[in-house]
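query-v9.cif, holding mmCIF, C-alpha atoms:
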data_structure
#
loop_
_atom_site.group_PDB
_atom_site.id
_atom_site.type_symbol
_atom_site.label_atom_id
_atom_site.label_comp_id
_atom_site.auth_asym_id
_atom_site.auth_seq_id
_atom_site.Cartn_x
_atom_site.Cartn_y
_atom_site.Cartn_z
ATOM 1 C CA MET Q 15 1.442 0.812 12.813
ATOM 2 C CA VAL Q 16 3.651 2.703 10.411
ATOM 3 C CA ASN Q 17 2.695 6.288 9.559
ATOM 4 C CA LYS Q 18 1.330 7.427 6.207
ATOM 5 C CA TRP Q 19 3.439 7.654 3.066
ATOM 6 C CA ILE Q 20 2.496 9.199 -0.296
ATOM 7 C CA LEU Q 21 3.048 7.130 -3.425
ATOM 8 C CA TYR Q 22 2.069 7.973 -6.977
ATOM 9 C CA PHE Q 23 1.511 5.196 -9.495
ATOM 10 C CA GLY Q 24 3.998 5.112 -12.316
ATOM 11 C CA CYS Q 25 6.654 7.266 -10.635
ATOM 12 C CA ARG Q 26 9.034 7.218 -7.688
ATOM 13 C CA LEU Q 27 7.968 8.319 -4.248
ATOM 14 C CA GLN Q 28 8.125 12.058 -3.716
ATOM 15 C CA ASN Q 29 7.399 12.650 -0.007
ATOM 16 C CA TYR Q 30 7.784 10.766 3.247
ATOM 17 C CA LYS Q 31 5.927 11.603 6.430
ATOM 18 C CA THR Q 32 8.506 9.959 8.702
ATOM 19 C CA THR Q 33 12.097 8.828 8.375
ATOM 20 C CA LYS Q 34 11.067 5.534 10.008
ATOM 21 C CA LEU Q 35 8.668 4.769 7.164
ATOM 22 C CA LYS Q 36 11.190 5.958 4.590
ATOM 23 C CA LYS Q 37 13.761 3.527 5.989
ATOM 24 C CA LEU Q 38 11.278 0.658 6.075
ATOM 25 C CA CYS Q 39 10.257 1.166 2.454
ATOM 26 C CA LEU Q 40 13.662 1.953 0.979
ATOM 27 C CA SER Q 41 16.060 -0.104 3.066
ATOM 28 C CA SER Q 42 16.051 -3.856 2.525
ATOM 29 C CA LYS Q 43 17.950 -4.238 5.779
ATOM 30 C CA GLU Q 44 15.396 -2.214 7.770
ATOM 31 C CA ALA Q 45 12.406 -3.996 6.205
ATOM 32 C CA ASP Q 46 13.941 -7.410 6.821
ATOM 33 C CA LYS Q 47 14.751 -6.453 10.416
ATOM 34 C CA LYS Q 48 11.260 -5.164 11.253
ATOM 35 C CA LEU Q 49 9.122 -7.486 9.111
ATOM 36 C CA GLY Q 50 11.379 -10.508 8.626
ATOM 37 C CA PRO Q 51 13.123 -11.451 5.380
ATOM 38 C CA ASN Q 52 10.030 -12.977 3.719
ATOM 39 C CA SER Q 53 7.759 -9.971 4.313
ATOM 40 C CA GLY Q 54 10.635 -7.577 3.604
ATOM 41 C CA LYS Q 55 11.142 -9.133 0.178
ATOM 42 C CA LYS Q 56 7.395 -9.128 -0.518
ATOM 43 C CA LEU Q 57 7.185 -5.444 0.523
ATOM 44 C CA ARG Q 58 9.890 -4.539 -1.993
ATOM 45 C CA ASN Q 59 8.067 -6.541 -4.683
ATOM 46 C CA ARG Q 60 4.719 -4.865 -3.911
ATOM 47 C CA LEU Q 61 6.305 -1.385 -4.028
ATOM 48 C CA PHE Q 62 7.833 -2.206 -7.423
ATOM 49 C CA ASP Q 63 4.418 -3.460 -8.589
ATOM 50 C CA ILE Q 64 2.795 -0.197 -7.469
ATOM 51 C CA GLU Q 65 5.412 1.860 -9.291
ATOM 52 C CA ALA Q 66 4.839 -0.141 -12.488
ATOM 53 C CA ALA Q 67 1.042 0.095 -12.376
ATOM 54 C CA SER Q 68 -0.990 2.990 -13.751
ATOM 55 C CA ASN Q 69 -3.709 2.530 -11.133
ATOM 56 C CA VAL Q 70 -4.779 0.236 -8.300
ATOM 57 C CA SER Q 71 -6.865 -2.058 -10.482
ATOM 58 C CA GLU Q 72 -3.713 -3.094 -12.398
ATOM 59 C CA LEU Q 73 -2.217 -4.690 -9.278
ATOM 60 C CA ILE Q 74 -2.212 -8.488 -9.490
ATOM 61 C CA ALA Q 75 0.235 -9.899 -6.926
ATOM 62 C CA GLY Q 76 -0.485 -10.041 -3.213
ATOM 63 C CA ARG Q 77 -4.201 -10.887 -3.382
ATOM 64 C CA PRO Q 78 -5.198 -7.238 -3.863
ATOM 65 C CA HIS Q 79 -8.572 -6.430 -2.352
ATOM 66 C CA PRO Q 80 -10.518 -3.526 -0.866
ATOM 67 C CA TYR Q 81 -11.568 -3.701 2.780
ATOM 68 C CA THR Q 82 -15.179 -3.461 3.852
ATOM 69 C CA GLY Q 83 -16.969 -2.688 7.098
ATOM 70 C CA ASP Q 84 -15.115 -0.430 9.525
ATOM 71 C CA LYS Q 85 -12.079 -0.346 7.198
ATOM 72 C CA VAL Q 86 -13.939 0.646 4.042
ATOM 73 C CA GLY Q 87 -11.757 2.901 1.915
ATOM 74 C CA LEU Q 88 -8.608 0.856 2.571
ATOM 75 C CA PHE Q 89 -6.999 -1.500 0.068
ATOM 76 C CA SER Q 90 -4.805 -4.430 1.085
ATOM 77 C CA LEU Q 91 -1.896 -6.298 -0.473
ATOM 78 C CA ASP Q 92 -0.609 -9.452 1.230
ATOM 79 C CA LEU Q 93 3.038 -9.685 2.156
ATOM 80 C CA HIS Q 94 4.008 -12.852 4.084
ATOM 81 C CA GLY Q 95 2.069 -14.621 6.813
ATOM 82 C CA GLY Q 96 -0.309 -12.093 8.385
ATOM 83 C CA ASP Q 97 1.616 -9.035 7.204
ATOM 84 C CA ARG Q 98 -0.186 -6.610 4.923
ATOM 85 C CA LEU Q 99 0.467 -3.400 3.029
ATOM 86 C CA LEU Q 100 -2.625 -1.207 3.535
ATOM 87 C CA PHE Q 101 -3.302 1.984 1.626
ATOM 88 C CA GLU Q 102 -6.043 4.462 0.824
ATOM 89 C CA PRO Q 103 -6.629 6.773 -2.146
ATOM 90 C CA LEU Q 104 -4.791 10.090 -1.959
ATOM 91 C CA LYS Q 105 -7.183 11.956 -4.249
ATOM 92 C CA LYS Q 106 -10.202 13.519 -2.579
ATOM 93 C CA PRO Q 107 -13.052 13.360 -3.279
ATOM 94 C CA LEU Q 108 -12.737 9.631 -3.859
ATOM 95 C CA PRO Q 109 -13.522 8.398 -7.364
ATOM 96 C CA THR Q 110 -16.717 6.369 -7.070
ATOM 97 C CA LYS Q 111 -18.639 3.816 -9.098
ATOM 98 C CA ASP Q 112 -22.377 3.982 -9.745
ATOM 99 C CA ASP Q 113 -23.004 1.749 -6.711
ATOM 100 C CA GLY Q 114 -21.141 4.210 -4.447
ATOM 101 C CA GLY Q 115 -18.025 2.052 -3.978
ATOM 102 C CA ILE Q 116 -14.531 3.337 -4.686
ATOM 103 C CA ASP Q 117 -13.546 3.141 -8.346
ATOM 104 C CA TRP Q 118 -10.055 1.715 -7.829
ATOM 105 C CA SER Q 119 -9.358 1.888 -11.581
ATOM 106 C CA ASN Q 120 -9.283 5.689 -11.193
ATOM 107 C CA VAL Q 121 -7.015 5.692 -8.139
ATOM 108 C CA GLU Q 122 -3.584 6.757 -9.394
ATOM 109 C CA SER Q 123 -2.020 7.952 -6.134
ATOM 110 C CA ILE Q 124 -2.168 6.442 -2.673
ATOM 111 C CA PHE Q 125 -1.276 6.885 0.998
ATOM 112 C CA ILE Q 126 0.325 3.836 2.540
ATOM 113 C CA VAL Q 127 -1.217 3.799 6.004
ATOM 114 C CA PHE Q 128 0.012 0.522 7.506
ATOM 115 C CA ILE Q 129 2.684 -2.107 7.000
ATOM 116 C CA GLY Q 130 2.598 -5.122 9.294
ATOM 117 C CA ASP Q 131 0.058 -7.508 10.778
ATOM 118 C CA PRO Q 132 -3.247 -5.633 11.197
ATOM 119 C CA HIS Q 133 -4.514 -8.378 13.520
ATOM 120 C CA GLU Q 134 -1.893 -7.768 16.223
#
Final structure tokens representation of the file:
Amino acid sequence: MVNKWILYFGCRLQNYKTTKLKKLCLSSKEADKKLGPNSGKKLRNRLFDIEAASNVSELIAGRPHPYTGDKVGLFSLDLHGGDRLLFEPLKKPLPTKDDGGIDWSNVESIFIVFIGDPHE
């Protein structure tokens, strides 16, 4: 599991929790080494998509979907194979819909909490 990273939609990353995560997200070589070239390329594409979007609901690539059950509050983007980019809303309290679920269209900043295969 890779430690948390703050990312704001529509602008470049401002803070990194660890240098390991910073390297993974910003270095093609490091991402390809740790995740493999296919997932490394997909990670770079997903990060570019996040930067271009105004909010989570604008994400299209990577089969974007919220988790349920014991991982409720997390959102997933597919990379390659079983690898995923998992994140949660940064803003607290969470923006909610009438049914109590997270209103992802109002999530404009996120914590990336995991990059890799969550099933390992």
In Å, how far is it from CA of Lys47 (chain Q) to CA of Gly76 (chain Q)?
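That distance, rounded to one decimal, is 20.8 Å.
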Expand the PyMOL selection byres ((chain Q and resi 79) around 10) into the explicit residue set it covers here, and present it as a VMD selection string.
chain Q and resid 70 to 71 73 to 74 76 to 78 80 to 82 88 to 92 100 118
Take the residues that were just selected and, keeping C-alpha atoms, output them as a CSV table (one decimal), in the coordinates of the input.
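The new file out-v3.csv reads:
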chain,number,residue,atom,x,y,z
Q,70,VAL,CA,-4.8,0.2,-8.3
Q,71,SER,CA,-6.9,-2.1,-10.5
Q,73,LEU,CA,-2.2,-4.7,-9.3
Q,74,ILE,CA,-2.2,-8.5,-9.5
Q,76,GLY,CA,-0.5,-10.0,-3.2
Q,77,ARG,CA,-4.2,-10.9,-3.4
Q,78,PRO,CA,-5.2,-7.2,-3.9
Q,80,PRO,CA,-10.5,-3.5,-0.9
Q,81,TYR,CA,-11.6,-3.7,2.8
Q,82,THR,CA,-15.2,-3.5,3.9
Q,88,LEU,CA,-8.6,0.9,2.6
Q,89,PHE,CA,-7.0,-1.5,0.1
Q,90,SER,CA,-4.8,-4.4,1.1
Q,91,LEU,CA,-1.9,-6.3,-0.5
Q,92,ASP,CA,-0.6,-9.5,1.2
Q,100,LEU,CA,-2.6,-1.2,3.5
Q,118,TRP,CA,-10.1,1.7,-7.8
Tell me which protein, DNA and RNA residues are within 12 Å of Asp97 (chain Q), counting all atoms listed in the file, leaving out same-chain ones fewer than 3 positions away, and put them as JSON, numbers by chain.
{"Q": [15, 45, 48, 49, 50, 51, 52, 53, 54, 55, 56, 57, 76, 90, 91, 92, 93, 94, 100, 128, 129, 130, 131, 132, 133, 134]}
Box along x, y and z, 6 Å on every side, all listed atoms of region 46-65 of chain Q inside: centre and edge lengths in Å to one decimal, as AutoDock Vina command-line options.
--center_x 8.8 --center_y -5.6 --center_z 1.0 --size_x 24.0 --size_y 26.8 --size_z 32.5
Which of these residues is nearest to Val121 (chain Q), using all atoms listed in the file: Q:Asn59, Q:Asn69, Q:Ser42, Q:Thr33?
Q:Asn69
Proximity to Pro103 (chain Q) - best of Q:Asp84, Q:Ala75, Q:Lys36, Q:Ile126, all atoms listed in the file:
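Smallest distance to Pro103 (chain Q) is found for Q:Ile126.
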Pairwise distance, CA of Lys37 (chain Q) with CA of Val86 (chain Q), equals 27.9 Å
Do you have the CA of Gly83 (chain Q)-CA of Gly115 (chain Q) distance handy?
12.1 Å
Using all atoms listed in the file, which of the listed residues (Q:Arg58, Q:Asp117, Q:Asp63, Q:Leu99) sits closest to Gly87 (chain Q)?
Q:Asp117
Which residue, Q:Leu104, Q:Ser68, Q:Asp46, Q:Gly96, has the smallest gap to Ser119 (chain Q) when you use only C-alpha atoms?
Q:Ser68
Kindly complete region 49-68 of chain Q to N, CA and C atoms; the output should be written as a compact mmCIF listing (two decimals), in the coordinates of the input.
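Once everything was written out, this is rebuild_0.txt:
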# COMPACT_ATOMS: atom_id res chain seq x y z
N LEU Q 49 10.17 -6.61 9.60
CA LEU Q 49 9.12 -7.49 9.11
C LEU Q 49 9.56 -8.94 8.94
N GLY Q 50 10.85 -9.19 8.95
CA GLY Q 50 11.38 -10.51 8.63
C GLY Q 50 11.73 -10.55 7.15
N PRO Q 51 12.65 -11.45 6.77
CA PRO Q 51 13.12 -11.45 5.38
C PRO Q 51 12.04 -11.77 4.35
N ASN Q 52 11.08 -12.64 4.69
CA ASN Q 52 10.03 -12.98 3.72
C ASN Q 52 9.11 -11.79 3.45
N SER Q 53 8.63 -11.14 4.50
CA SER Q 53 7.76 -9.97 4.31
C SER Q 53 8.54 -8.79 3.75
N GLY Q 54 9.81 -8.65 4.14
CA GLY Q 54 10.64 -7.58 3.60
C GLY Q 54 10.77 -7.69 2.10
N LYS Q 55 11.02 -8.91 1.63
CA LYS Q 55 11.14 -9.13 0.18
C LYS Q 55 9.80 -8.87 -0.52
N LYS Q 56 8.72 -9.35 0.08
CA LYS Q 56 7.40 -9.13 -0.52
C LYS Q 56 7.05 -7.63 -0.55
N LEU Q 57 7.43 -6.89 0.51
CA LEU Q 57 7.18 -5.44 0.52
C LEU Q 57 7.89 -4.78 -0.66
N ARG Q 58 9.15 -5.11 -0.86
CA ARG Q 58 9.89 -4.54 -1.99
C ARG Q 58 9.20 -4.89 -3.32
N ASN Q 59 8.75 -6.14 -3.45
CA ASN Q 59 8.07 -6.54 -4.68
C ASN Q 59 6.77 -5.76 -4.88
N ARG Q 60 5.99 -5.60 -3.80
CA ARG Q 60 4.72 -4.86 -3.91
C ARG Q 60 4.96 -3.39 -4.27
N LEU Q 61 5.99 -2.78 -3.70
CA LEU Q 61 6.30 -1.38 -4.03
C LEU Q 61 6.72 -1.25 -5.49
N PHE Q 62 7.48 -2.21 -6.00
CA PHE Q 62 7.83 -2.21 -7.42
C PHE Q 62 6.58 -2.37 -8.29
N ASP Q 63 5.67 -3.26 -7.85
CA ASP Q 63 4.42 -3.46 -8.59
C ASP Q 63 3.61 -2.16 -8.65
N ILE Q 64 3.54 -1.46 -7.52
CA ILE Q 64 2.80 -0.20 -7.47
C ILE Q 64 3.41 0.83 -8.41
N GLU Q 65 4.73 0.91 -8.41
CA GLU Q 65 5.41 1.86 -9.29
C GLU Q 65 5.17 1.55 -10.76
N ALA Q 66 5.03 0.26 -11.09
CA ALA Q 66 4.84 -0.14 -12.49
C ALA Q 66 3.40 0.01 -12.96
N ALA Q 67 2.46 0.03 -12.02
CA ALA Q 67 1.04 0.10 -12.38
C ALA Q 67 0.61 1.54 -12.66
N SER Q 68 -0.41 1.67 -13.49
CA SER Q 68 -0.99 2.99 -13.75
C SER Q 68 -2.05 3.35 -12.73
